[in-house]
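Note: the block below is data-v9.cif and it holds mmCIF, C-alpha atoms.
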```
data_input
#
loop_
_atom_site.group_PDB
_atom_site.id
_atom_site.type_symbol
_atom_site.label_atom_id
_atom_site.label_comp_id
_atom_site.auth_asym_id
_atom_site.auth_seq_id
_atom_site.Cartn_x
_atom_site.Cartn_y
_atom_site.Cartn_z
ATOM 1 C CA MET V 1 10.424 28.167 5.336
ATOM 2 C CA THR V 2 10.755 27.802 9.116
ATOM 3 C CA ASN V 3 9.092 24.861 10.758
ATOM 4 C CA PRO V 4 10.180 24.091 14.337
ATOM 5 C CA VAL V 5 9.366 20.382 13.916
ATOM 6 C CA THR V 6 11.515 19.901 10.814
ATOM 7 C CA GLN V 7 14.166 22.662 10.961
ATOM 8 C CA ASP V 8 16.996 20.303 11.946
ATOM 9 C CA ARG V 9 16.114 17.742 9.305
ATOM 10 C CA ARG V 10 17.468 17.351 5.796
ATOM 11 C CA HIS V 11 15.602 19.574 3.335
ATOM 12 C CA PHE V 12 15.124 19.317 -0.424
ATOM 13 C CA GLU V 13 18.416 21.138 -1.137
ATOM 14 C CA ASP V 14 20.359 18.673 1.052
ATOM 15 C CA LEU V 15 19.347 15.554 -0.906
ATOM 16 C CA ALA V 16 21.010 14.071 -4.006
ATOM 17 C CA VAL V 17 19.794 11.745 -6.733
ATOM 18 C CA GLY V 18 21.506 8.367 -6.417
ATOM 19 C CA GLU V 19 21.802 8.367 -2.620
ATOM 20 C CA VAL V 20 21.136 4.859 -1.302
ATOM 21 C CA PHE V 21 19.805 4.057 2.174
ATOM 22 C CA ASP V 22 19.837 0.709 3.929
ATOM 23 C CA LEU V 23 16.383 -0.122 5.291
ATOM 24 C CA GLY V 24 17.548 -2.279 8.182
ATOM 25 C CA GLN V 25 15.678 -5.530 8.759
ATOM 26 C CA VAL V 26 12.501 -6.936 10.227
ATOM 27 C CA THR V 27 11.588 -10.579 10.868
ATOM 28 C CA VAL V 28 7.967 -11.416 10.092
ATOM 29 C CA THR V 29 6.320 -13.684 12.658
ATOM 30 C CA LYS V 30 3.152 -15.762 12.380
ATOM 31 C CA ASP V 31 1.492 -13.506 14.938
ATOM 32 C CA MET V 32 2.323 -10.382 12.916
ATOM 33 C CA ILE V 33 0.905 -11.992 9.760
ATOM 34 C CA THR V 34 -2.382 -13.147 11.259
ATOM 35 C CA THR V 35 -2.948 -9.945 13.277
ATOM 36 C CA PHE V 36 -2.584 -7.758 10.177
ATOM 37 C CA ALA V 37 -4.596 -10.124 7.985
ATOM 38 C CA ARG V 38 -7.523 -10.302 10.429
ATOM 39 C CA GLU V 39 -7.827 -6.512 10.311
ATOM 40 C CA PHE V 40 -7.110 -5.738 6.661
ATOM 41 C CA ASP V 41 -6.750 -8.805 4.428
ATOM 42 C CA PRO V 42 -8.687 -11.761 5.907
ATOM 43 C CA PHE V 43 -7.998 -14.352 3.228
ATOM 44 C CA PRO V 44 -7.428 -18.010 4.218
ATOM 45 C CA PHE V 45 -3.862 -18.003 2.854
ATOM 46 C CA HIS V 46 -2.939 -15.235 5.308
ATOM 47 C CA LEU V 47 -4.775 -16.739 8.308
ATOM 48 C CA ASP V 48 -4.870 -20.525 8.239
ATOM 49 C CA GLU V 49 -1.831 -22.768 7.802
ATOM 50 C CA ALA V 50 -3.705 -25.667 6.163
ATOM 51 C CA ALA V 51 -5.452 -23.391 3.655
ATOM 52 C CA ALA V 52 -2.154 -21.591 3.002
ATOM 53 C CA LYS V 53 -0.348 -24.871 2.259
ATOM 54 C CA SER V 54 -2.871 -25.771 -0.437
ATOM 55 C CA SER V 55 -2.754 -22.264 -1.942
ATOM 56 C CA LEU V 56 -0.404 -20.928 -4.598
ATOM 57 C CA LEU V 57 1.752 -19.415 -1.829
ATOM 58 C CA GLY V 58 2.553 -22.875 -0.404
ATOM 59 C CA GLY V 59 2.395 -21.754 3.232
ATOM 60 C CA LEU V 60 1.379 -18.954 5.549
ATOM 61 C CA ALA V 61 2.470 -15.679 3.954
ATOM 62 C CA SER V 62 2.060 -12.042 4.888
ATOM 63 C CA SER V 63 -0.459 -9.804 3.161
ATOM 64 C CA GLY V 64 1.343 -7.932 0.405
ATOM 65 C CA TRP V 65 -0.029 -4.733 1.907
ATOM 66 C CA GLN V 66 1.679 -5.653 5.178
ATOM 67 C CA THR V 67 5.002 -6.139 3.376
ATOM 68 C CA GLY V 68 4.518 -2.629 2.000
ATOM 69 C CA ALA V 69 3.604 -1.201 5.422
ATOM 70 C CA LEU V 70 6.683 -2.803 7.011
ATOM 71 C CA SER V 71 8.843 -1.399 4.188
ATOM 72 C CA LEU V 72 7.456 2.089 4.843
ATOM 73 C CA ARG V 73 8.153 1.699 8.548
ATOM 74 C CA MET V 74 11.758 0.719 7.798
ATOM 75 C CA LEU V 75 12.026 3.734 5.471
ATOM 76 C CA GLY V 76 10.794 6.007 8.264
ATOM 77 C CA ASP V 77 13.223 4.634 10.838
ATOM 78 C CA SER V 78 16.273 4.582 8.575
ATOM 79 C CA PHE V 79 15.826 7.762 6.545
ATOM 80 C CA LEU V 80 12.535 9.618 6.270
ATOM 81 C CA SER V 81 12.362 10.609 9.956
ATOM 82 C CA LYS V 82 15.525 12.659 9.315
ATOM 83 C CA VAL V 83 14.007 14.447 6.313
ATOM 84 C CA ALA V 84 11.609 17.438 6.285
ATOM 85 C CA SER V 85 8.855 15.390 4.674
ATOM 86 C CA ALA V 86 5.255 16.584 4.600
ATOM 87 C CA GLY V 87 3.910 13.192 3.565
ATOM 88 C CA GLY V 88 3.483 10.881 0.613
ATOM 89 C CA LEU V 89 1.824 11.785 -2.676
ATOM 90 C CA GLY V 90 1.446 8.310 -4.119
ATOM 91 C CA PHE V 91 3.371 5.471 -5.633
ATOM 92 C CA SER V 92 3.689 3.677 -8.909
ATOM 93 C CA ASN V 93 4.529 0.173 -10.025
ATOM 94 C CA LEU V 94 4.319 -1.749 -6.803
ATOM 95 C CA LYS V 95 5.158 -5.394 -7.538
ATOM 96 C CA TRP V 96 5.064 -8.323 -5.172
ATOM 97 C CA LYS V 97 7.850 -10.544 -6.498
ATOM 98 C CA ASN V 98 7.908 -13.385 -3.959
ATOM 99 C CA PRO V 99 5.722 -14.121 -0.935
ATOM 100 C CA VAL V 100 6.986 -13.309 2.569
ATOM 101 C CA MET V 101 6.619 -16.492 4.629
ATOM 102 C CA VAL V 102 6.502 -16.958 8.428
ATOM 103 C CA GLY V 103 10.001 -16.408 9.828
ATOM 104 C CA ASP V 104 11.368 -14.570 6.794
ATOM 105 C CA THR V 105 13.548 -11.528 7.444
ATOM 106 C CA ILE V 106 13.069 -8.660 5.024
ATOM 107 C CA GLY V 107 15.278 -5.664 4.382
ATOM 108 C CA GLY V 108 16.799 -3.886 1.422
ATOM 109 C CA THR V 109 17.546 -0.475 0.062
ATOM 110 C CA VAL V 110 15.866 2.714 -1.042
ATOM 111 C CA THR V 111 17.455 4.942 -3.697
ATOM 112 C CA ILE V 112 16.636 8.579 -4.453
ATOM 113 C CA ALA V 113 15.575 8.273 -8.097
ATOM 114 C CA GLU V 114 14.413 11.809 -8.789
ATOM 115 C CA LEU V 115 14.318 15.258 -7.166
ATOM 116 C CA ARG V 116 12.307 18.061 -8.655
ATOM 117 C CA ARG V 117 11.029 21.359 -7.361
ATOM 118 C CA SER V 118 7.312 21.971 -7.732
ATOM 119 C CA GLU V 119 6.705 24.403 -10.593
ATOM 120 C CA THR V 120 3.511 25.767 -9.091
ATOM 121 C CA HIS V 121 4.644 25.732 -5.427
ATOM 122 C CA PRO V 122 8.438 26.292 -5.453
ATOM 123 C CA GLN V 123 8.557 26.144 -1.649
ATOM 124 C CA TRP V 124 8.022 22.378 -2.081
ATOM 125 C CA GLY V 125 10.098 19.659 -3.676
ATOM 126 C CA ILE V 126 9.114 16.177 -4.789
ATOM 127 C CA MET V 127 11.449 13.293 -3.988
ATOM 128 C CA THR V 128 10.950 9.977 -5.765
ATOM 129 C CA LEU V 129 12.262 6.847 -4.033
ATOM 130 C CA ASP V 130 12.801 3.370 -5.460
ATOM 131 C CA PHE V 131 12.361 0.486 -3.028
ATOM 132 C CA ASP V 132 14.181 -2.827 -3.462
ATOM 133 C CA VAL V 133 12.992 -5.089 -0.636
ATOM 134 C CA ARG V 134 14.443 -8.609 -0.351
ATOM 135 C CA ASN V 135 14.254 -11.622 1.951
ATOM 136 C CA GLN V 136 17.122 -13.318 3.802
ATOM 137 C CA LYS V 137 17.918 -15.355 0.669
ATOM 138 C CA ARG V 138 18.355 -12.070 -1.263
ATOM 139 C CA GLN V 139 15.259 -12.891 -3.329
ATOM 140 C CA PRO V 140 13.243 -9.789 -4.279
ATOM 141 C CA VAL V 141 9.916 -9.528 -2.451
ATOM 142 C CA LEU V 142 8.709 -6.018 -3.289
ATOM 143 C CA THR V 143 9.639 -3.134 -5.544
ATOM 144 C CA MET V 144 7.825 0.189 -5.708
ATOM 145 C CA ARG V 145 8.390 3.859 -6.459
ATOM 146 C CA LEU V 146 7.122 6.352 -3.873
ATOM 147 C CA ALA V 147 6.699 10.118 -4.337
ATOM 148 C CA ASN V 148 7.134 12.281 -1.250
ATOM 149 C CA LEU V 149 6.599 15.992 -0.641
ATOM 150 C CA ILE V 150 9.673 17.666 0.902
ATOM 151 C CA GLU V 151 10.158 21.147 2.385
ATOM 152 C CA THR V 152 12.719 23.366 0.685
ATOM 153 C CA ARG V 153 14.998 25.762 2.576
ATOM 154 C CA SER V 154 14.221 28.517 0.115
ATOM 155 C CA ALA V 155 11.672 28.870 -2.654
ATOM 156 C CA SER V 156 14.224 30.190 -5.133
ATOM 157 C CA MET Q 1 -9.223 -26.551 -11.762
ATOM 158 C CA THR Q 2 -10.865 -27.924 -8.614
ATOM 159 C CA ASN Q 3 -10.137 -26.173 -5.364
ATOM 160 C CA PRO Q 4 -12.482 -26.979 -2.445
ATOM 161 C CA VAL Q 5 -11.903 -23.547 -0.869
ATOM 162 C CA THR Q 6 -12.847 -21.564 -3.964
ATOM 163 C CA GLN Q 7 -15.144 -23.856 -5.973
ATOM 164 C CA ASP Q 8 -18.334 -21.940 -5.115
ATOM 165 C CA ARG Q 9 -16.798 -18.559 -5.853
ATOM 166 C CA ARG Q 10 -16.861 -16.532 -9.046
ATOM 167 C CA HIS Q 11 -14.076 -17.590 -11.404
ATOM 168 C CA PHE Q 12 -12.322 -15.729 -14.227
ATOM 169 C CA GLU Q 13 -14.997 -16.748 -16.779
ATOM 170 C CA ASP Q 14 -17.794 -15.365 -14.549
ATOM 171 C CA LEU Q 15 -16.427 -11.799 -14.433
ATOM 172 C CA ALA Q 16 -17.011 -8.954 -16.911
ATOM 173 C CA VAL Q 17 -15.102 -5.779 -17.704
ATOM 174 C CA GLY Q 18 -17.079 -2.745 -16.535
ATOM 175 C CA GLU Q 19 -18.694 -4.421 -13.504
ATOM 176 C CA VAL Q 20 -18.829 -1.924 -10.624
ATOM 177 C CA PHE Q 21 -18.876 -2.864 -6.939
ATOM 178 C CA ASP Q 22 -19.789 -0.671 -4.005
ATOM 179 C CA LEU Q 23 -17.116 -0.837 -1.304
ATOM 180 C CA GLY Q 24 -19.409 -0.092 1.631
ATOM 181 C CA GLN Q 25 -18.130 2.387 4.203
ATOM 182 C CA VAL Q 26 -15.808 2.716 7.152
ATOM 183 C CA THR Q 27 -15.485 5.602 9.624
ATOM 184 C CA VAL Q 28 -11.918 6.388 10.622
ATOM 185 C CA THR Q 29 -11.465 7.128 14.325
ATOM 186 C CA LYS Q 30 -8.594 8.834 16.130
ATOM 187 C CA ASP Q 31 -7.747 5.536 17.810
ATOM 188 C CA MET Q 32 -7.542 3.724 14.461
ATOM 189 C CA ILE Q 33 -5.249 6.435 13.071
ATOM 190 C CA THR Q 34 -2.808 6.530 15.983
ATOM 191 C CA THR Q 35 -2.725 2.723 16.405
ATOM 192 C CA PHE Q 36 -1.791 2.174 12.754
ATOM 193 C CA ALA Q 37 0.656 5.097 12.706
ATOM 194 C CA ARG Q 38 2.512 3.926 15.815
ATOM 195 C CA GLU Q 39 3.155 0.566 14.147
ATOM 196 C CA PHE Q 40 3.838 1.556 10.542
ATOM 197 C CA ASP Q 41 4.028 5.314 9.932
ATOM 198 C CA PRO Q 42 5.060 7.132 13.149
ATOM 199 C CA PHE Q 43 5.129 10.713 11.843
ATOM 200 C CA PRO Q 44 3.933 13.558 14.086
ATOM 201 C CA PHE Q 45 1.080 14.464 11.707
ATOM 202 C CA HIS Q 46 -0.392 10.966 12.194
ATOM 203 C CA LEU Q 47 0.142 10.839 15.978
ATOM 204 C CA ASP Q 48 -0.077 14.232 17.625
ATOM 205 C CA GLU Q 49 -2.942 16.701 17.224
ATOM 206 C CA ALA Q 50 -0.864 19.846 17.808
ATOM 207 C CA ALA Q 51 1.845 18.788 15.337
ATOM 208 C CA ALA Q 52 -0.853 17.744 12.861
ATOM 209 C CA LYS Q 53 -2.558 21.148 13.063
ATOM 210 C CA SER Q 54 0.659 22.955 12.110
ATOM 211 C CA SER Q 55 1.368 20.493 9.267
ATOM 212 C CA LEU Q 56 0.226 20.684 5.670
ATOM 213 C CA LEU Q 57 -2.637 18.287 6.529
ATOM 214 C CA GLY Q 58 -4.162 20.806 8.965
ATOM 215 C CA GLY Q 59 -5.192 18.171 11.497
ATOM 216 C CA LEU Q 60 -4.823 14.556 12.529
ATOM 217 C CA ALA Q 61 -4.994 12.437 9.375
ATOM 218 C CA SER Q 62 -4.633 8.744 8.677
ATOM 219 C CA SER Q 63 -1.496 7.317 7.138
ATOM 220 C CA GLY Q 64 -2.051 7.006 3.400
ATOM 221 C CA TRP Q 65 -1.001 3.398 3.717
ATOM 222 C CA GLN Q 66 -3.824 2.887 6.216
ATOM 223 C CA THR Q 67 -6.338 4.394 3.782
ATOM 224 C CA GLY Q 68 -5.107 1.836 1.252
ATOM 225 C CA ALA Q 69 -5.324 -1.022 3.748
ATOM 226 C CA LEU Q 70 -8.895 -0.041 4.697
ATOM 227 C CA SER Q 71 -9.799 0.135 1.003
ATOM 228 C CA LEU Q 72 -8.441 -3.374 0.477
ATOM 229 C CA ARG Q 73 -10.432 -4.609 3.456
ATOM 230 C CA MET Q 74 -13.617 -3.091 2.011
ATOM 231 C CA LEU Q 75 -12.810 -4.729 -1.342
ATOM 232 C CA GLY Q 76 -12.447 -8.096 0.387
ATOM 233 C CA ASP Q 77 -15.720 -7.805 2.266
ATOM 234 C CA SER Q 78 -17.782 -6.503 -0.635
ATOM 235 C CA PHE Q 79 -16.389 -8.453 -3.577
ATOM 236 C CA LEU Q 80 -13.067 -10.287 -3.486
ATOM 237 C CA SER Q 81 -14.122 -12.812 -0.832
ATOM 238 C CA LYS Q 82 -16.679 -14.090 -3.362
ATOM 239 C CA VAL Q 83 -14.058 -14.486 -6.111
ATOM 240 C CA ALA Q 84 -11.575 -17.349 -6.623
ATOM 241 C CA SER Q 85 -8.585 -15.055 -6.092
ATOM 242 C CA ALA Q 86 -5.110 -16.409 -5.424
ATOM 243 C CA GLY Q 87 -3.799 -13.022 -4.308
ATOM 244 C CA GLY Q 88 -2.540 -9.693 -5.563
ATOM 245 C CA LEU Q 89 0.230 -9.181 -8.095
ATOM 246 C CA GLY Q 90 0.819 -5.471 -7.631
ATOM 247 C CA PHE Q 91 -0.476 -1.922 -7.869
ATOM 248 C CA SER Q 92 0.012 0.958 -10.216
ATOM 249 C CA ASN Q 93 -0.674 4.651 -9.938
ATOM 250 C CA LEU Q 94 -1.793 4.969 -6.353
ATOM 251 C CA LYS Q 95 -2.591 8.607 -5.622
ATOM 252 C CA TRP Q 96 -3.564 10.152 -2.312
ATOM 253 C CA LYS Q 97 -5.885 12.966 -3.395
ATOM 254 C CA ASN Q 98 -7.092 14.384 -0.077
ATOM 255 C CA PRO Q 99 -6.176 13.495 3.510
ATOM 256 C CA VAL Q 100 -8.523 11.334 5.612
ATOM 257 C CA MET Q 101 -9.169 13.214 8.841
ATOM 258 C CA VAL Q 102 -10.437 11.943 12.222
ATOM 259 C CA GLY Q 103 -14.145 11.135 11.906
ATOM 260 C CA ASP Q 104 -14.191 10.952 8.113
ATOM 261 C CA THR Q 105 -16.194 8.142 6.530
ATOM 262 C CA ILE Q 106 -14.657 6.628 3.439
ATOM 263 C CA GLY Q 107 -16.258 4.428 0.791
ATOM 264 C CA GLY Q 108 -16.469 4.278 -2.959
ATOM 265 C CA THR Q 109 -16.404 1.902 -5.867
ATOM 266 C CA VAL Q 110 -14.185 -0.588 -7.603
ATOM 267 C CA THR Q 111 -14.552 -1.256 -11.337
ATOM 268 C CA ILE Q 112 -13.223 -4.229 -13.303
ATOM 269 C CA ALA Q 113 -10.961 -2.443 -15.795
ATOM 270 C CA GLU Q 114 -9.346 -5.399 -17.537
ATOM 271 C CA LEU Q 115 -9.569 -9.199 -17.699
ATOM 272 C CA ARG Q 116 -6.915 -11.199 -19.468
ATOM 273 C CA ARG Q 117 -5.916 -14.821 -19.436
ATOM 274 C CA SER Q 118 -2.274 -15.535 -18.708
ATOM 275 C CA GLU Q 119 -0.491 -16.489 -21.932
ATOM 276 C CA THR Q 120 2.072 -18.639 -20.192
ATOM 277 C CA HIS Q 121 -0.268 -20.156 -17.548
ATOM 278 C CA PRO Q 122 -3.749 -20.316 -19.152
ATOM 279 C CA GLN Q 123 -5.207 -21.859 -15.983
ATOM 280 C CA TRP Q 124 -4.874 -18.365 -14.481
ATOM 281 C CA GLY Q 125 -6.485 -15.049 -15.316
ATOM 282 C CA ILE Q 126 -5.456 -11.535 -14.341
ATOM 283 C CA MET Q 127 -8.162 -9.113 -13.192
ATOM 284 C CA THR Q 128 -7.341 -5.415 -13.019
ATOM 285 C CA LEU Q 129 -9.431 -3.277 -10.651
ATOM 286 C CA ASP Q 130 -9.722 0.514 -10.468
ATOM 287 C CA PHE Q 131 -10.400 1.975 -7.018
ATOM 288 C CA ASP Q 132 -12.230 5.280 -6.541
ATOM 289 C CA VAL Q 133 -12.300 5.944 -2.786
ATOM 290 C CA ARG Q 134 -14.044 9.075 -1.495
ATOM 291 C CA ASN Q 135 -14.929 10.723 1.783
ATOM 292 C CA GLN Q 136 -18.402 11.661 3.075
ATOM 293 C CA LYS Q 137 -18.214 14.944 1.103
ATOM 294 C CA ARG Q 138 -17.663 12.907 -2.089
ATOM 295 C CA GLN Q 139 -14.123 14.297 -2.353
ATOM 296 C CA PRO Q 140 -11.647 11.793 -3.800
ATOM 297 C CA VAL Q 141 -9.169 10.455 -1.252
ATOM 298 C CA LEU Q 142 -7.459 7.593 -3.069
ATOM 299 C CA THR Q 143 -7.304 6.093 -6.543
ATOM 300 C CA MET Q 144 -5.278 3.034 -7.494
ATOM 301 C CA ARG Q 145 -5.203 0.113 -9.912
ATOM 302 C CA LEU Q 146 -4.767 -3.412 -8.488
ATOM 303 C CA ALA Q 147 -3.857 -6.557 -10.434
ATOM 304 C CA ASN Q 148 -5.189 -9.811 -9.001
ATOM 305 C CA LEU Q 149 -4.573 -13.429 -9.965
ATOM 306 C CA ILE Q 150 -7.844 -15.344 -10.476
ATOM 307 C CA GLU Q 151 -8.533 -19.054 -10.997
ATOM 308 C CA THR Q 152 -10.132 -20.053 -14.273
ATOM 309 C CA ARG Q 153 -12.735 -22.823 -14.565
ATOM 310 C CA SER Q 154 -10.926 -24.262 -17.550
ATOM 311 C CA ALA Q 155 -7.547 -23.579 -19.132
ATOM 312 C CA SER Q 156 -8.957 -23.456 -22.642
#
```
Exercise: express the given structure as structure tokens:
Amino acid sequence: MTNPVTQDRRHFEDLAVGEVFDLGQVTVTKDMITTFAREFDPFPFHLDEAAAKSSLLGGLASSGWQTGALSLRMLGDSFLSKVASAGGLGFSNLKWKNPVMVGDTIGGTVTIAELRRSETHPQWGIMTLDFDVRNQKRQPVLTMRLANLIETRSAS
Amino acid sequence: MTNPVTQDRRHFEDLAVGEVFDLGQVTVTKDMITTFAREFDPFPFHLDEAAAKSSLLGGLASSGWQTGALSLRMLGDSFLSKVASAGGLGFSNLKWKNPVMVGDTIGGTVTIAELRRSETHPQWGIMTLDFDVRNQKRQPVLTMRLANLIETRSAS
């Protein structure tokens, strides 16, 4: 398969189960939390410090969906932008383990858990990635498994 | 449990398995797609019309994570803001079924799939919700199952 956009990127055949990638880091500010929450997740514990303090989270915390979006962005920057990916298929078992509070820095790793060629469309491969996202105290904040569609070099 | 923020909202005991909620609708514009993609998912098929046309998506499409975020926002507006929810616990089995293209209108339903009281913390209940998000042609675009932590009126 020849695709001018992705020809210099890593293809299905170039990837190996067990490869681990460092996600880099991002620090989550109050402004980032409230901006995202206003648009997508406008609950008091993501918007208002007093309400957040009296909530189960104990303080202003990011939307869990934002933690996921930031994790995906880190994945793109550190790894997926160098891969001939055609996009995500879905994910399983996302778990929010600890809240991400104002000022927390998150990072972590992604591991290639599975690689399989599509049986019906052998020009495509499916790469499964396990996320392990942690805060600056090394506490887990998010785990999930993402399935991505990857170009192969050859359908055979 | 008395919580001034949530006391007038529906609690665990007020909810029933099988209840279905209409999510309302949102139309996804080119500006929404590129703004979200620049921040969280900067792949050519979410940013550039020419690159998107030659991709598997066949045109400019929203990030799947954005489709999920918009679905969560619709859930908040139509249902979850009236429930004594303390936040999400996680997701399982998210599947992107069809891309969301510029100008598409998405909506759908959420169904209460499961309600169970926490065994270890009986003052809390866990509500499981099944999303069925579709476009204006009634084609499925996203399904997922969300687990939410809900206040009970009484721990017994």
### Task
Using all atoms listed in the file, select each residue of chain V with any atom at most 6 Å away from an atom of chain Q, and give the selection as a ChimeraX atom specification.
/V:40-41,69,73,89-96
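Going from atom CA of Ala155 of chain V over to atom CA of Ile112 of chain V, you cover 21.0 Å.
On the file presented, the PyMOL selection byres ((chain Q and resi 111) around 7) picks out Q:Gly18, Q:Glu19, Q:Val20, Q:Phe21, Q:Thr109, Q:Val110, Q:Ile112, Q:Ala113, Q:Leu129, Q:Asp130, Q:Phe131.
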### Point-to-point distance from atom CA of Ala61 of chain Q to atom CA of Ile126 of chain V, Å rounded to tenths
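The value is 20.3 Å.
For the set Q:Asp48, Q:Asn135, Q:Gly59, Q:Gly125, the residue with the smallest atom-to-atom gap to Thr27 of chain Q is Q:Asn135, counting all atoms listed in the file.
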### Message
Under the rule that only C-alpha atoms are counted, which of Q:Val141, Q:Val83, Q:Pro99, Q:Val133 is the nearest residue to Glu13 of chain Q?
### Response
Q:Val83
### Task
One decimal, Å: what's the distance from atom CA of Lys137 of chain Q over to atom CA of Glu151 of chain V, could you say?
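Between these atoms lies a distance of 29.1 Å.
Nearest residue to Asp8 of chain Q among Q:Thr105, Q:Ala84, Q:Ser118, Q:Asp31 is Q:Ala84, counting all atoms listed in the file.
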Box in all listed atoms of segment 5-20 of chain Q, axis-aligned, with 3 Å more on each side; write out centre and edge lengths in Å to one decimal as AutoDock Vina command-line options.
```
--center_x -15.4 --center_y -12.9 --center_z -9.3 --size_x 12.9 --size_y 27.9 --size_z 22.8
```
With N, CA and C atoms as the goal, would you fill in the gaps in segment 93-114 of chain Q and present it as a tab-separated table (two decimals), in the frame of the given file?
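Now in out_24.tsv:
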```tsv
chain	number	residue	atom	x	y	z
Q	93	ASN	N	-0.05	3.33	-10.00
Q	93	ASN	CA	-0.67	4.65	-9.94
Q	93	ASN	C	-1.55	4.88	-8.72
Q	94	LEU	N	-1.07	4.57	-7.55
Q	94	LEU	CA	-1.79	4.97	-6.35
Q	94	LEU	C	-1.59	6.46	-6.14
Q	95	LYS	N	-2.68	7.18	-5.94
Q	95	LYS	CA	-2.59	8.61	-5.62
Q	95	LYS	C	-3.44	8.94	-4.41
Q	96	TRP	N	-2.80	9.64	-3.44
Q	96	TRP	CA	-3.56	10.15	-2.31
Q	96	TRP	C	-4.03	11.54	-2.69
Q	97	LYS	N	-5.34	11.73	-2.83
Q	97	LYS	CA	-5.88	12.97	-3.40
Q	97	LYS	C	-6.23	13.99	-2.33
Q	98	ASN	N	-6.77	13.52	-1.22
Q	98	ASN	CA	-7.09	14.38	-0.08
Q	98	ASN	C	-6.83	13.58	1.19
Q	99	PRO	N	-6.40	14.24	2.27
Q	99	PRO	CA	-6.18	13.50	3.51
Q	99	PRO	C	-7.49	12.97	4.10
Q	100	VAL	N	-7.39	11.88	4.87
Q	100	VAL	CA	-8.52	11.33	5.61
Q	100	VAL	C	-8.36	11.76	7.06
Q	101	MET	N	-9.27	12.63	7.51
Q	101	MET	CA	-9.17	13.21	8.84
Q	101	MET	C	-9.98	12.39	9.86
Q	102	VAL	N	-9.69	12.62	11.15
Q	102	VAL	CA	-10.44	11.94	12.22
Q	102	VAL	C	-11.94	12.14	12.01
Q	103	GLY	N	-12.69	11.06	12.04
Q	103	GLY	CA	-14.14	11.14	11.91
Q	103	GLY	C	-14.64	11.03	10.48
Q	104	ASP	N	-13.75	11.09	9.50
Q	104	ASP	CA	-14.19	10.95	8.11
Q	104	ASP	C	-14.70	9.53	7.85
Q	105	THR	N	-15.69	9.44	6.97
Q	105	THR	CA	-16.19	8.14	6.53
Q	105	THR	C	-15.79	7.96	5.07
Q	106	ILE	N	-15.09	6.86	4.82
Q	106	ILE	CA	-14.66	6.63	3.44
Q	106	ILE	C	-15.41	5.43	2.85
Q	107	GLY	N	-15.58	5.48	1.53
Q	107	GLY	CA	-16.26	4.43	0.79
Q	107	GLY	C	-15.95	4.65	-0.67
Q	108	GLY	N	-16.72	4.04	-1.54
Q	108	GLY	CA	-16.47	4.28	-2.96
Q	108	GLY	C	-16.77	3.06	-3.79
Q	109	THR	N	-16.14	3.00	-4.94
Q	109	THR	CA	-16.40	1.90	-5.87
Q	109	THR	C	-15.10	1.31	-6.39
Q	110	VAL	N	-15.26	0.07	-6.87
Q	110	VAL	CA	-14.18	-0.59	-7.60
Q	110	VAL	C	-14.79	-1.08	-8.92
Q	111	THR	N	-14.08	-0.87	-10.01
Q	111	THR	CA	-14.55	-1.26	-11.34
Q	111	THR	C	-13.57	-2.25	-11.95
Q	112	ILE	N	-14.11	-3.31	-12.57
Q	112	ILE	CA	-13.22	-4.23	-13.30
Q	112	ILE	C	-12.79	-3.53	-14.59
Q	113	ALA	N	-11.49	-3.22	-14.67
Q	113	ALA	CA	-10.96	-2.44	-15.80
Q	113	ALA	C	-10.46	-3.35	-16.91
Q	114	GLU	N	-9.99	-4.53	-16.55
Q	114	GLU	CA	-9.35	-5.40	-17.54
Q	114	GLU	C	-9.42	-6.84	-17.06
```
